[in-house]
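Listing of data-v6.cif, mmCIF, C-alpha atoms; chains and numbers go by the auth columns
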```cif
data_final
#
loop_
_atom_site.group_PDB
_atom_site.id
_atom_site.type_symbol
_atom_site.label_atom_id
_atom_site.label_comp_id
_atom_site.label_asym_id
_atom_site.label_seq_id
_atom_site.Cartn_x
_atom_site.Cartn_y
_atom_site.Cartn_z
_atom_site.B_iso_or_equiv
_atom_site.auth_seq_id
_atom_site.auth_asym_id
ATOM 1 C CA MET A 1 64.435 205.448 99.918 0.00 1 A
ATOM 2 C CA PRO A 2 60.683 205.535 99.613 0.00 2 A
ATOM 3 C CA ASP A 3 60.435 204.587 95.934 0.00 3 A
ATOM 4 C CA ASP A 4 63.270 203.263 93.755 0.00 4 A
ATOM 5 C CA ASP A 5 61.446 202.976 90.409 0.00 5 A
ATOM 6 C CA PHE A 6 63.214 206.096 89.057 0.00 6 A
ATOM 7 C CA GLY A 7 59.925 207.431 87.667 0.00 7 A
ATOM 8 C CA PHE A 8 59.577 205.231 84.580 0.00 8 A
ATOM 9 C CA ALA A 9 58.163 201.861 83.679 0.00 9 A
ATOM 10 C CA PRO A 10 59.699 199.316 81.305 0.00 10 A
ATOM 11 C CA PRO A 11 58.285 199.359 77.775 0.00 11 A
ATOM 12 C CA PRO A 12 55.263 197.132 77.167 0.00 12 A
ATOM 13 C CA PHE A 13 55.982 193.611 75.932 0.00 13 A
ATOM 14 C CA ASN A 14 55.485 193.146 72.190 0.00 14 A
ATOM 15 C CA ALA A 15 54.848 189.459 71.446 0.00 15 A
ATOM 16 C CA GLU A 16 55.293 189.830 67.680 0.00 16 A
ATOM 17 C CA GLN A 17 58.678 191.519 68.068 0.00 17 A
ATOM 18 C CA SER A 18 59.707 188.959 70.687 0.00 18 A
ATOM 19 C CA LEU A 19 58.834 186.078 68.352 0.00 19 A
ATOM 20 C CA LEU A 20 61.001 187.610 65.614 0.00 20 A
ATOM 21 C CA GLN A 21 63.896 188.066 68.057 0.00 21 A
ATOM 22 C CA LEU A 22 63.564 184.477 69.295 0.00 22 A
ATOM 23 C CA GLN A 23 63.509 183.142 65.729 0.00 23 A
ATOM 24 C CA ARG A 24 66.644 185.161 64.932 0.00 24 A
ATOM 25 C CA ALA A 25 68.357 183.848 68.083 0.00 25 A
ATOM 26 C CA MET A 26 67.528 180.244 67.105 0.00 26 A
ATOM 27 C CA ARG A 27 69.021 180.780 63.637 0.00 27 A
ATOM 28 C CA ASP A 28 72.123 182.321 65.275 0.00 28 A
ATOM 29 C CA LEU A 29 72.447 179.083 67.269 0.00 29 A
ATOM 30 C CA LYS A 30 72.639 177.224 63.915 0.00 30 A
ATOM 31 C CA LEU A 31 69.183 175.665 64.222 0.00 31 A
ATOM 32 C CA ILE A 32 67.238 174.965 61.020 0.00 32 A
ATOM 33 C CA ALA A 33 63.746 176.476 60.771 0.00 33 A
ATOM 34 C CA ARG A 34 60.880 174.306 59.522 0.00 34 A
ATOM 35 C CA GLY A 35 57.743 176.386 60.020 0.00 35 A
ATOM 36 C CA ALA A 36 57.373 177.045 63.757 0.00 36 A
ATOM 37 C CA LEU A 37 59.854 174.258 64.595 0.00 37 A
ATOM 38 C CA PHE A 38 63.639 174.605 64.876 0.00 38 A
ATOM 39 C CA GLU A 39 65.784 171.502 64.407 0.00 39 A
ATOM 40 C CA GLN A 40 69.345 170.317 64.805 0.00 40 A
ATOM 41 C CA ARG A 41 70.512 167.349 62.709 0.00 41 A
ATOM 42 C CA GLY A 42 66.893 166.598 61.744 0.00 42 A
ATOM 43 C CA LYS A 43 65.696 166.400 65.356 0.00 43 A
ATOM 44 C CA ALA A 44 63.292 168.891 66.946 0.00 44 A
ATOM 45 C CA VAL A 45 64.784 171.300 69.490 0.00 45 A
ATOM 46 C CA VAL A 46 62.270 174.114 70.004 0.00 46 A
ATOM 47 C CA GLU A 47 58.875 175.176 68.690 0.00 47 A
ATOM 48 C CA LEU A 48 57.767 178.838 68.852 0.00 48 A
ATOM 49 C CA GLN A 49 54.256 180.223 68.376 0.00 49 A
ATOM 50 C CA ARG A 50 52.657 183.555 69.163 0.00 50 A
ATOM 51 C CA GLN A 51 49.418 183.297 71.124 0.00 51 A
ATOM 52 C CA GLY A 52 47.771 186.568 72.049 0.00 52 A
ATOM 53 C CA ASP A 53 50.125 188.778 74.030 0.00 53 A
ATOM 54 C CA ALA A 54 52.681 186.022 74.693 0.00 54 A
ATOM 55 C CA VAL A 55 54.959 183.609 72.892 0.00 55 A
ATOM 56 C CA GLN A 56 54.398 179.916 73.601 0.00 56 A
ATOM 57 C CA ALA A 57 57.504 177.769 73.314 0.00 57 A
ATOM 58 C CA ARG A 58 58.106 174.047 73.627 0.00 58 A
ATOM 59 C CA LEU A 59 61.675 172.953 74.292 0.00 59 A
ATOM 60 C CA ALA A 60 62.812 169.354 73.828 0.00 60 A
ATOM 61 C CA ARG A 61 64.158 167.620 76.934 0.00 61 A
ATOM 62 C CA ARG A 62 66.481 165.467 74.830 0.00 62 A
ATOM 63 C CA LEU A 63 67.552 165.507 71.217 0.00 63 A
ATOM 64 C CA ALA A 64 65.299 162.814 69.719 0.00 64 A
ATOM 65 C CA LEU A 65 63.066 162.199 66.717 0.00 65 A
ATOM 66 C CA THR A 66 59.993 162.280 68.980 0.00 66 A
ATOM 67 C CA PRO A 67 61.003 164.436 71.935 0.00 67 A
ATOM 68 C CA GLU A 68 59.317 165.027 75.252 0.00 68 A
ATOM 69 C CA TRP A 69 58.539 168.739 75.558 0.00 69 A
ATOM 70 C CA ASP A 70 58.969 171.306 78.313 0.00 70 A
ATOM 71 C CA PRO A 71 56.521 174.210 77.874 0.00 71 A
ATOM 72 C CA PHE A 72 57.603 177.837 78.267 0.00 72 A
ATOM 73 C CA THR A 73 55.510 181.010 78.159 0.00 73 A
ATOM 74 C CA VAL A 74 57.327 184.219 77.276 0.00 74 A
ATOM 75 C CA LYS A 75 55.537 187.375 78.468 0.00 75 A
ATOM 76 C CA SER A 76 58.503 189.646 79.183 0.00 76 A
ATOM 77 C CA ALA A 77 62.044 190.410 78.073 0.00 77 A
ATOM 78 C CA PRO A 78 63.613 188.575 81.062 0.00 78 A
ATOM 79 C CA GLU A 79 61.594 185.438 80.222 0.00 79 A
ATOM 80 C CA GLN A 80 62.775 185.734 76.615 0.00 80 A
ATOM 81 C CA ARG A 81 66.430 185.855 77.731 0.00 81 A
ATOM 82 C CA LYS A 82 65.813 182.936 80.093 0.00 82 A
ATOM 83 C CA LEU A 83 64.432 180.812 77.220 0.00 83 A
ATOM 84 C CA ILE A 84 67.408 181.622 74.977 0.00 84 A
ATOM 85 C CA ASP A 85 69.818 180.758 77.807 0.00 85 A
ATOM 86 C CA GLU A 86 68.013 177.456 78.412 0.00 86 A
ATOM 87 C CA VAL A 87 68.232 176.544 74.704 0.00 87 A
ATOM 88 C CA LYS A 88 71.976 177.321 74.761 0.00 88 A
ATOM 89 C CA LYS A 89 72.482 175.153 77.862 0.00 89 A
ATOM 90 C CA ARG A 90 70.645 172.199 76.367 0.00 90 A
ATOM 91 C CA LEU A 91 72.467 172.457 73.050 0.00 91 A
ATOM 92 C CA ALA A 92 75.793 172.494 74.901 0.00 92 A
ATOM 93 C CA ARG A 93 74.769 169.502 77.021 0.00 93 A
ATOM 94 C CA TRP A 94 73.611 167.551 73.963 0.00 94 A
ATOM 95 C CA GLY A 95 76.885 168.403 72.205 0.00 95 A
ATOM 96 C CA ASP A 96 78.799 166.984 75.178 0.00 96 A
ATOM 97 C CA ASP A 97 76.751 163.770 75.055 0.00 97 A
ATOM 98 C CA ASP A 98 77.899 163.013 71.493 0.00 98 A
#
```
Go ahead and render the structure in this file as structure tokens.
Amino acid sequence: MPDDDFGFAPPPFNAEQSLLQLQRAMRDLKLIARGALFEQRGKAVVELQRQGDAVQARLARRLALTPEWDPFTVKSAPEQRKLIDEVKKRLARWGDDD
């Protein structure tokens, strides 16, 4: 097996399309959009912004009025899925804490 790439490359990453997909995913998770920020019960959860050929995201460590942020940079489809999965995990954990 000299080369297992099957002769094609993945499509190039489109930051604008990725931002739209991330925003849709956040709304599907029942988060409320306020500009670039998405909230749950009036508390910030995630902030999404397009910067050049990537999407910059900040994800709250805990559900709080003034959260501490974890930065994420999305430059590929796997990173986009990883961010969505991380948001789901944190929302589930915060729901369990209530």
Counting all atoms listed in the file, which residue out of A:Phe13, A:Phe72, A:Phe8, A:Trp94 sits closest to Arg58 of chain A? A:Phe72
Compile the contact shell of Leu48 of chain A as a ChimeraX atom specification: residues with an atom at most 6 Å away, counting all atoms listed in the file, same-chain residues fewer than 4 positions apart removed. /A:36,56-57
Could you jot down the atom CA of Lys82 of chain A to atom CA of Leu22 of chain A separation for me, Å, one decimal place?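 Straight-line distance from atom CA of Lys82 of chain A to atom CA of Leu22 of chain A works out to 11.1 Å.
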Length of the atom CA of Lys89 of chain A to atom CA of Lys43 of chain A vector [Å]: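 Spanning atom CA of Lys89 of chain A to atom CA of Lys43 of chain A is a straight-line distance of 16.7 Å.
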For the atom pair atom CA of Glu16 of chain A and atom CA of Arg50 of chain A, what is the interatomic distance in Å to one decimal place? 7.0 Å
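Excluding Leu91 of chain A itself and same-chain residues fewer than 3 positions from it, the residues having an atom within 10 Å of it are Leu29, Leu31, Gln40, Val45, Arg62, Leu63, Asp85, Glu86, Val87, Lys88, Trp94, Gly95, Asp96 and Asp97 of chain A, counting all atoms listed in the file.
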Restrict the selected residues to C-alpha atoms and save them as a compact mmCIF listing (two decimals), in the coordinates of the input.
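So again.txt came out as:
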```
# COMPACT_ATOMS: atom_id res chain seq x y z
CA LEU A 29 72.45 179.08 67.27
CA LEU A 31 69.18 175.66 64.22
CA GLN A 40 69.34 170.32 64.81
CA VAL A 45 64.78 171.30 69.49
CA ARG A 62 66.48 165.47 74.83
CA LEU A 63 67.55 165.51 71.22
CA ASP A 85 69.82 180.76 77.81
CA GLU A 86 68.01 177.46 78.41
CA VAL A 87 68.23 176.54 74.70
CA LYS A 88 71.98 177.32 74.76
CA TRP A 94 73.61 167.55 73.96
CA GLY A 95 76.89 168.40 72.20
CA ASP A 96 78.80 166.98 75.18
CA ASP A 97 76.75 163.77 75.06
```
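Comparing A:Ser76, A:Gln23, A:Arg90, A:Glu39 by their smallest distance to Pro10 of chain A, the closest is A:Ser76 (using all atoms listed in the file).
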For Val55 of chain A, work out the shell of residues within 6 Å, counting all atoms listed in the file and skipping chain neighbours fewer than 4 positions away, then give it as a PDB file with C-alpha atoms, in the coordinates of the input.
```pdb
ATOM      1  CA  GLN A  49      54.256 180.223  68.376  1.00  0.00           C
ATOM      2  CA  ARG A  50      52.657 183.555  69.163  1.00  0.00           C
ATOM      3  CA  GLN A  51      49.418 183.297  71.124  1.00  0.00           C
ATOM      4  CA  THR A  73      55.510 181.010  78.159  1.00  0.00           C
ATOM      5  CA  VAL A  74      57.327 184.219  77.276  1.00  0.00           C
TER       6      VAL A  74
END
```
Determine the axis-aligned bounding box of all atoms of segment 71-76 of chain A present in the file, pad each side by 3 Å, and express its centre and edge lengths in Å to one decimal place as JSON.
```
{"center_x": 57.0, "center_y": 181.9, "center_z": 78.2, "size_x": 9.0, "size_y": 21.4, "size_z": 7.9}
```
